[in-house]
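Asker: Questions regarding the structure given below will be posed in turn.
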There are 2 protein chains.
Amino acid sequence: MEPNSKYECSCVECKLKTLFFEKVDSNELEMVCSSKIEYQFKKGDTIIREGDFINDFIYLKSGLVKLTRQTSNGKEQILSFAKPFDFVSLLSVFSSKRYNYSVIALDDTSICLLALADVKKTIHENGDFAMNLMVKLSEATDMIILDNLEIRRKHLKGRVAHVLIYFSEYIYKSNMIQLPVSRREIAEYIGMTTENVIRTLSEFKKDGIIRTFGKDIDIVDLVRLRSISEHG
Amino acid sequence: MEPNSKYECSCVECKLKTLFFEKVDSNELEMVCSSKIEYQFKKGDTIIREGDFINDFIYLKSGLVKLTRQTSNGKEQILSFAKPFDFVSLLSVFSSKRYNYSVIALDDTSICLLALADVKKTIHENGDFAMNLMVKLSEATDMIILDNLEIRRKHLKGRVAHVLIYFSEYIYKSNMIQLPVSRREIAEYIGMTTENVIRTLSEFKKDGIIRTFGKDIDIVDLVRLRSISEHG
DNA sequence: CGCGGCTTTGATGTTCATCAAGTAAAGTGG
DNA sequence: CCACTTTACTTGATGAACATCAAAGCCGCG
């Protein structure tokens, strides 16, 4: 990992502390926080490289990232996207020595990093911490699994509709979205070709379901988009 | 859940205890074991029904199951298969009130069941237990996620090859496998139609890669099958 | 200005789902 | 145990969905 900059900030005011403690106690907070390091990344930076050893426990403080891996036929495959409060360093931290995916910033992003050994120690010592972490882990992996199953069962149009709704509802919470990814990245996420993603977007535009201005997309007919996402 | 029969057995001799404790201590074992109930199911029985409330922590003692869910267009979708030591009750136990998948026996199967509240209590009280459980949870979900990504990136032939290798290496540990699932279930797992699964198996047979006798399949040319699984 | 990456559209062929029809196997009631 | 029903399996024909190839416009950046 090669951060662009590095500085400290207070955990006391950080909203992310609820990731670890439902009811925060200053002692416990100190315990986790004293060793944390914060890093800043610019759009496009690689935060974690597939194959790296897992030494740290990482979580997003601000920004947006993609989790991606290289398939054996040389293509990129995007597992999922993550914003703050979604864990990043979760898929393999407790089950593998090395990351089997890369994490790349889609936007200016800052992360906090804890030594994995410290986190494991805290799990041993603090039952509340352990339980809370297990819930977050479970929620995050559940979401990835269900999202992948949804994508798998859909056809091209349904998949594109799914992605648009995902960014609209989950990331931007608005009908106006500024796609943080290229058409090619959408294709890598839903497992289709770039050309067909573009063709589908053009068709949605022609049918009055969306309006597009480059990366800016306005969802005009959410009802129809939802129907396409569900039924074809 | 409606078990076919129910009886007690000793946890002391059960190999599954390593799921919970790396180094087993009789006190701790007693703590988990005292409240456990064992159930037996016959091939085809539903062990968990999608939508059921999650009150228990369940693990497979023997047998084989499929995890399946209903999609919104009325089809079945198989998430994964599980044998002993793969967790079953893991996907949502710590993150949801209800199961979002069914668990169905593909073979005569016995499970052990613990009250979820007890397990949570033990997580709070015992750091080793918590840590060990988190590792198992992480391993199990990792496997489901990576398996799903592999399937998604492959074409029909690669997917069928993938399934054959999966059963051969992971479930039966032999070149001779007795498929525990129908052609239709394979289709539900890899997201293709039953007809095309059959066509592909016929083709593998014609090409001398496998031999088939109904559900009995003999993998003759594993090298070629692996190549098909990887590269198309 | 020109280069490379992203985007777009069209033409063509491959892969796959769907429909249809038939055979084999497995359960069911008399 | 046999007729009957149902479910699983199999093959072929057809069309729809999708990938691939090709070409051109757009845009940011050195």
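In the structure tokens, the first chain shown is A, the next is B, and so on; residue numbers restart at 1 for each chain, and ligands run from 1 in the order shown.
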Kindly assemble as JSON lines a list of the chain C residues that lie within 8 Å of stretch 11-20 of chain D, each paired with its nearest atom pair and their distance in Å to one decimal, using only C-alpha atoms (C1' of nucleotides), sorted first by chain and then by ascending residue number.

Answerer:
```
{"residue": "C:DT14", "atom": "C1'", "partner": "D:DA19", "partner_atom": "C1'", "distance": 7.5}
{"residue": "C:DT15", "atom": "C1'", "partner": "D:DC18", "partner_atom": "C1'", "distance": 7.6}
{"residue": "C:DC16", "atom": "C1'", "partner": "D:DA17", "partner_atom": "C1'", "distance": 7.7}
{"residue": "C:DA17", "atom": "C1'", "partner": "D:DA16", "partner_atom": "C1'", "distance": 7.7}
```

Asker: Any chance you could export the current selection's C-alpha atoms (C1' of nucleotides) as a short mmCIF file (atom, residue, chain, number, x, y, z; two decimals), in the first residue's frame?

Answerer:
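The file below, selection21.cif, is the result:
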```cif
data_model
loop_
_atom_site.label_atom_id
_atom_site.label_comp_id
_atom_site.auth_asym_id
_atom_site.auth_seq_id
_atom_site.Cartn_x
_atom_site.Cartn_y
_atom_site.Cartn_z
"C1'" DT C 14 -22.00 -17.75 -31.81
"C1'" DT C 15 -24.13 -19.18 -27.73
"C1'" DC C 16 -27.94 -20.10 -25.47
"C1'" DA C 17 -33.16 -20.38 -24.25
#
```

Asker: For chain D, which residues have at least one atom within 10 Å of chain B, if we go by only C-alpha atoms (C1' of nucleotides)? Write them as a VMD selection string, please.

Answerer: chain D and resid 8 to 11

Asker: Which residues come within 12 Å of D:DC2, counting only C-alpha atoms (C1' of nucleotides), excluding same-chain residues fewer than 4 positions away, as a list of chain:residue names?

Answerer: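 Once the nearby chain positions are removed, what remains is C:DT28, C:DG29, C:DG30.
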
Asker: Taking only C-alpha atoms into account, which of A:Asp86, A:Gly191, A:Ile54, A:Ala161 comes nearest A:Asp221?

Answerer: A:Ala161

Asker: Taking the DSSP secondary structure from the backbone, can you list the residues of stretch 53-181 of chain A that are strand (DSSP E or B), as an MDAnalysis selection string?

Answerer: chainID A and resid 53 56:62 65:70 76:82 87 98 102:105 109:115 176:178

Asker: What is the atom CA of B:Glu125 to atom CA of A:Phe129 distance in Å?

Answerer: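 Straight-line distance from atom CA of B:Glu125 to atom CA of A:Phe129 works out to 11.3 Å.
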
Asker: Least-squares superpose chain B on chain A across all ordered C-alpha pairs, then write out what you get as a tab-separated table (two decimals) with C-alpha atoms, in the first residue's frame.

Answerer:
```
chain	number	residue	atom	x	y	z
B	1	MET	CA	0.10	0.06	0.01
B	2	GLU	CA	1.45	3.46	-0.91
B	3	PRO	CA	-0.68	6.23	0.56
B	4	ASN	CA	-0.58	9.72	-0.86
B	5	SER	CA	-0.67	11.32	2.50
B	6	LYS	CA	-1.05	10.37	6.08
B	7	TYR	CA	-2.27	12.10	9.18
B	8	GLU	CA	-4.01	11.55	12.45
B	9	CYS	CA	-7.49	12.54	13.47
B	10	SER	CA	-9.58	12.00	16.55
B	11	CYS	CA	-11.65	8.84	16.78
B	12	VAL	CA	-13.90	10.39	19.39
B	13	GLU	CA	-15.80	12.36	16.77
B	14	CYS	CA	-15.64	9.69	14.09
B	15	LYS	CA	-19.00	8.20	13.22
B	16	LEU	CA	-17.35	4.98	12.18
B	17	LYS	CA	-16.74	3.99	15.75
B	18	THR	CA	-20.22	2.47	15.76
B	19	LEU	CA	-18.79	-0.12	13.44
B	20	PHE	CA	-17.07	-1.49	16.48
B	21	PHE	CA	-19.11	-0.52	19.46
B	22	GLU	CA	-22.82	-0.12	19.79
B	23	LYS	CA	-22.41	1.70	23.04
B	24	VAL	CA	-19.08	3.38	23.03
B	25	ASP	CA	-16.96	3.46	26.10
B	26	SER	CA	-13.95	5.77	26.05
B	27	ASN	CA	-11.63	3.06	27.36
B	28	GLU	CA	-12.55	0.67	24.61
B	29	LEU	CA	-12.38	3.39	22.00
B	30	GLU	CA	-8.89	4.28	23.14
B	31	MET	CA	-7.91	0.63	22.91
B	32	VAL	CA	-8.82	0.42	19.24
B	33	CYS	CA	-7.98	3.95	18.31
B	34	SER	CA	-4.55	4.42	19.77
B	35	SER	CA	-2.85	2.41	17.07
B	36	LYS	CA	-4.91	3.45	14.07
B	37	ILE	CA	-3.38	5.19	11.06
B	38	GLU	CA	-5.30	7.19	8.51
B	39	TYR	CA	-4.42	7.27	4.80
B	40	GLN	CA	-5.68	9.35	1.91
B	41	PHE	CA	-6.02	8.12	-1.65
B	42	LYS	CA	-6.84	9.86	-4.91
B	43	LYS	CA	-9.33	8.64	-7.49
B	44	GLY	CA	-7.78	5.73	-9.36
B	45	ASP	CA	-5.26	4.80	-6.66
B	46	THR	CA	-4.81	1.19	-5.69
B	47	ILE	CA	-5.47	0.76	-1.98
B	48	ILE	CA	-5.04	-2.99	-1.79
B	49	ARG	CA	-3.42	-5.15	-4.43
B	50	GLU	CA	-4.66	-8.71	-5.07
B	51	GLY	CA	-2.12	-11.12	-3.59
B	52	ASP	CA	-0.85	-8.74	-0.89
B	53	PHE	CA	-0.38	-10.20	2.55
B	54	ILE	CA	-3.14	-9.30	4.96
B	55	ASN	CA	-1.53	-7.54	7.88
B	56	ASP	CA	-4.09	-4.86	8.56
B	57	PHE	CA	-7.71	-4.40	9.25
B	58	ILE	CA	-8.93	-1.63	6.98
B	59	TYR	CA	-12.15	0.34	6.86
B	60	LEU	CA	-13.38	3.18	4.68
B	61	LYS	CA	-13.73	6.57	6.29
B	62	SER	CA	-14.87	8.49	3.22
B	63	GLY	CA	-15.04	7.99	-0.51
B	64	LEU	CA	-15.95	5.08	-2.74
B	65	VAL	CA	-14.04	2.00	-3.89
B	66	LYS	CA	-14.39	-1.04	-6.10
B	67	LEU	CA	-13.35	-4.57	-5.18
B	68	THR	CA	-11.93	-6.28	-8.24
B	69	ARG	CA	-10.04	-9.41	-9.15
B	70	GLN	CA	-8.23	-10.83	-12.16
B	71	THR	CA	-9.80	-13.92	-13.71
B	72	SER	CA	-7.66	-16.70	-15.12
B	73	ASN	CA	-8.50	-15.65	-18.68
B	74	GLY	CA	-7.01	-12.24	-18.05
B	75	LYS	CA	-10.15	-10.17	-17.57
B	76	GLU	CA	-11.10	-7.96	-14.65
B	77	GLN	CA	-14.10	-8.92	-12.57
B	78	ILE	CA	-15.68	-6.50	-10.12
B	79	LEU	CA	-17.02	-8.18	-6.96
B	80	SER	CA	-18.74	-5.18	-5.48
B	81	PHE	CA	-18.52	-1.52	-4.60
B	82	ALA	CA	-18.16	-0.14	-1.10
B	83	LYS	CA	-18.80	3.15	0.60
B	84	PRO	CA	-18.16	4.16	4.23
B	85	PHE	CA	-19.69	1.76	6.75
B	86	ASP	CA	-19.45	-1.06	4.27
B	87	PHE	CA	-16.42	-2.97	5.31
B	88	VAL	CA	-13.65	-3.29	2.84
B	89	SER	CA	-11.17	-5.50	4.54
B	90	LEU	CA	-13.59	-8.23	5.39
B	91	LEU	CA	-13.82	-10.84	2.73
B	92	SER	CA	-10.70	-12.72	3.67
B	93	VAL	CA	-9.24	-11.04	6.75
B	94	PHE	CA	-10.15	-13.88	9.03
B	95	SER	CA	-9.78	-16.73	6.62
B	96	SER	CA	-6.82	-16.12	4.36
B	97	LYS	CA	-3.19	-15.00	4.42
B	98	ARG	CA	-3.48	-12.92	1.26
B	99	TYR	CA	-6.10	-10.76	-0.36
B	100	ASN	CA	-7.81	-12.42	-3.29
B	101	TYR	CA	-9.06	-9.11	-4.65
B	102	SER	CA	-7.79	-5.58	-5.22
B	103	VAL	CA	-9.38	-2.45	-3.79
B	104	ILE	CA	-9.25	0.63	-6.00
B	105	ALA	CA	-10.49	4.16	-5.23
B	106	LEU	CA	-13.28	5.38	-7.54
B	107	ASP	CA	-13.19	8.74	-5.83
B	108	ASP	CA	-10.93	10.52	-3.36
B	109	THR	CA	-10.98	8.15	-0.44
B	110	SER	CA	-9.63	7.99	3.09
B	111	ILE	CA	-9.25	4.84	5.11
B	112	CYS	CA	-8.33	3.91	8.64
B	113	LEU	CA	-6.02	1.06	9.29
B	114	LEU	CA	-5.55	-1.10	12.38
B	115	ALA	CA	-3.00	-3.84	12.91
B	116	LEU	CA	-4.92	-7.07	12.37
B	117	ALA	CA	-3.18	-8.65	15.35
B	118	ASP	CA	-4.59	-5.90	17.59
B	119	VAL	CA	-8.09	-6.48	16.29
B	120	LYS	CA	-7.80	-10.19	16.93
B	121	LYS	CA	-6.55	-9.49	20.41
B	122	THR	CA	-9.53	-7.25	21.07
B	123	ILE	CA	-11.90	-9.93	19.80
B	124	HIS	CA	-10.46	-12.25	22.39
B	125	GLU	CA	-10.74	-9.75	25.19
B	126	ASN	CA	-14.00	-8.02	24.45
B	127	GLY	CA	-17.20	-9.96	23.82
B	128	ASP	CA	-19.21	-6.92	22.75
B	129	PHE	CA	-16.61	-6.02	20.22
B	130	ALA	CA	-16.51	-9.58	18.88
B	131	MET	CA	-20.26	-9.84	18.59
B	132	ASN	CA	-20.64	-6.48	16.92
B	133	LEU	CA	-17.90	-7.22	14.44
B	134	MET	CA	-19.44	-10.56	13.59
B	135	VAL	CA	-22.75	-8.88	12.81
B	136	LYS	CA	-21.06	-6.35	10.51
B	137	LEU	CA	-19.08	-9.05	8.80
B	138	SER	CA	-22.20	-11.11	8.30
B	139	GLU	CA	-24.17	-8.15	6.94
B	140	ALA	CA	-21.46	-7.20	4.48
B	141	THR	CA	-20.94	-10.69	3.10
B	142	ASP	CA	-24.69	-11.32	2.94
B	143	MET	CA	-25.07	-8.27	0.78
B	144	ILE	CA	-22.34	-9.31	-1.61
B	145	ILE	CA	-23.74	-12.82	-1.93
B	146	LEU	CA	-27.34	-11.75	-2.52
B	147	ASP	CA	-26.30	-9.03	-4.93
B	148	ASN	CA	-24.27	-11.50	-6.95
B	149	LEU	CA	-27.15	-13.97	-7.03
B	150	GLU	CA	-29.49	-11.25	-8.25
B	151	ILE	CA	-27.13	-10.29	-11.03
B	152	ARG	CA	-26.63	-13.89	-12.04
B	153	ARG	CA	-30.29	-14.61	-12.49
B	154	LYS	CA	-30.96	-11.57	-14.69
B	155	HIS	CA	-30.53	-10.85	-18.38
B	156	LEU	CA	-28.59	-7.95	-19.82
B	157	LYS	CA	-31.30	-5.31	-19.49
B	158	GLY	CA	-32.21	-6.42	-15.99
B	159	ARG	CA	-28.58	-6.27	-14.95
B	160	VAL	CA	-28.07	-2.76	-16.26
B	161	ALA	CA	-31.30	-1.65	-14.58
B	162	HIS	CA	-30.07	-3.29	-11.38
B	163	VAL	CA	-26.81	-1.32	-11.45
B	164	LEU	CA	-28.58	1.99	-12.06
B	165	ILE	CA	-30.95	1.35	-9.18
B	166	TYR	CA	-28.06	0.27	-7.00
B	167	PHE	CA	-26.16	3.52	-7.52
B	168	SER	CA	-29.32	5.59	-7.28
B	169	GLU	CA	-30.65	4.06	-4.09
B	170	TYR	CA	-27.65	2.79	-2.30
B	171	ILE	CA	-24.83	5.14	-3.18
B	172	TYR	CA	-26.33	8.49	-4.19
B	173	LYS	CA	-29.82	8.30	-2.69
B	174	SER	CA	-31.12	10.35	-5.60
B	175	ASN	CA	-32.64	9.97	-9.06
B	176	MET	CA	-29.76	11.99	-10.44
B	177	ILE	CA	-26.59	9.99	-10.38
B	178	GLN	CA	-23.10	10.79	-11.52
B	179	LEU	CA	-21.76	7.39	-12.45
B	180	PRO	CA	-18.50	6.85	-10.57
B	181	VAL	CA	-17.58	4.11	-13.02
B	182	SER	CA	-16.98	3.79	-16.74
B	183	ARG	CA	-19.22	1.77	-19.04
B	184	ARG	CA	-16.43	-0.79	-19.11
B	185	GLU	CA	-16.49	-1.08	-15.31
B	186	ILE	CA	-20.23	-1.62	-15.32
B	187	ALA	CA	-19.60	-4.40	-17.82
B	188	GLU	CA	-16.94	-5.90	-15.55
B	189	TYR	CA	-19.38	-5.83	-12.68
B	190	ILE	CA	-22.37	-7.42	-14.40
B	191	GLY	CA	-20.36	-9.79	-16.59
B	192	MET	CA	-21.32	-8.44	-20.00
B	193	THR	CA	-19.44	-6.61	-22.76
B	194	THR	CA	-18.93	-2.85	-22.75
B	195	GLU	CA	-20.71	-2.51	-26.09
B	196	ASN	CA	-23.86	-4.16	-24.82
B	197	VAL	CA	-23.93	-2.05	-21.68
B	198	ILE	CA	-23.81	1.04	-23.90
B	199	ARG	CA	-26.44	-0.32	-26.25
B	200	THR	CA	-28.75	-1.00	-23.32
B	201	LEU	CA	-28.25	2.48	-21.87
B	202	SER	CA	-28.99	3.95	-25.31
B	203	GLU	CA	-32.16	1.91	-25.47
B	204	PHE	CA	-33.29	3.03	-22.00
B	205	LYS	CA	-32.67	6.58	-23.18
B	206	LYS	CA	-34.64	6.08	-26.40
B	207	ASP	CA	-37.51	4.62	-24.39
B	208	GLY	CA	-37.57	7.62	-22.07
B	209	ILE	CA	-36.58	5.65	-18.98
B	210	ILE	CA	-33.39	7.61	-18.35
B	211	ARG	CA	-31.66	10.73	-19.61
B	212	THR	CA	-27.90	10.71	-20.05
B	213	PHE	CA	-25.26	13.40	-20.28
B	214	GLY	CA	-22.01	11.48	-20.30
B	215	LYS	CA	-21.59	10.12	-16.80
B	216	ASP	CA	-24.57	12.05	-15.48
B	217	ILE	CA	-27.69	9.95	-15.57
B	218	ASP	CA	-31.19	11.00	-14.60
B	219	ILE	CA	-33.65	8.24	-13.84
B	220	VAL	CA	-36.97	9.46	-15.25
B	221	ASP	CA	-39.13	6.35	-14.97
B	222	LEU	CA	-38.05	4.45	-11.88
B	223	VAL	CA	-41.16	2.25	-11.92
B	224	ARG	CA	-40.35	0.91	-15.36
B	225	LEU	CA	-36.67	0.55	-14.50
B	226	ARG	CA	-37.58	-1.47	-11.44
B	227	SER	CA	-39.88	-3.65	-13.49
B	228	ILE	CA	-37.11	-4.31	-16.00
B	229	SER	CA	-34.73	-5.15	-13.16
B	230	GLU	CA	-37.16	-7.65	-11.68
B	231	HIS	CA	-38.78	-9.32	-14.63
B	232	GLY	CA	-36.46	-8.84	-17.57
```

Asker: Write down as a PyMOL selection string the residues of stretch 7-232 of chain B whose backbone DSSP state falls under helix (DSSP H, G or I).

Answerer: chain B and resi 15-19+26-33+116-125+127-153+156-172+183-190+194-206+222-231

Asker: Residues of chain C within 9 Å of chain A, counting only C-alpha atoms (C1' of nucleotides) - could you list those as a PyMOL selection string?

Answerer: chain C and resi 6-9

Asker: Output C-alpha atoms (C1' of nucleotides) for every residue in that selection, as a short mmCIF file (atom, residue, chain, number, x, y, z; two decimals), in the first residue's frame.

Answerer:
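Everything below was put into selection-v6.cif:
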```cif
data_model
loop_
_atom_site.label_atom_id
_atom_site.label_comp_id
_atom_site.auth_asym_id
_atom_site.auth_seq_id
_atom_site.Cartn_x
_atom_site.Cartn_y
_atom_site.Cartn_z
"C1'" DC C 6 -13.69 6.07 -23.52
"C1'" DT C 7 -17.95 6.02 -25.97
"C1'" DT C 8 -21.11 4.90 -29.62
"C1'" DT C 9 -23.33 2.43 -33.57
#
```
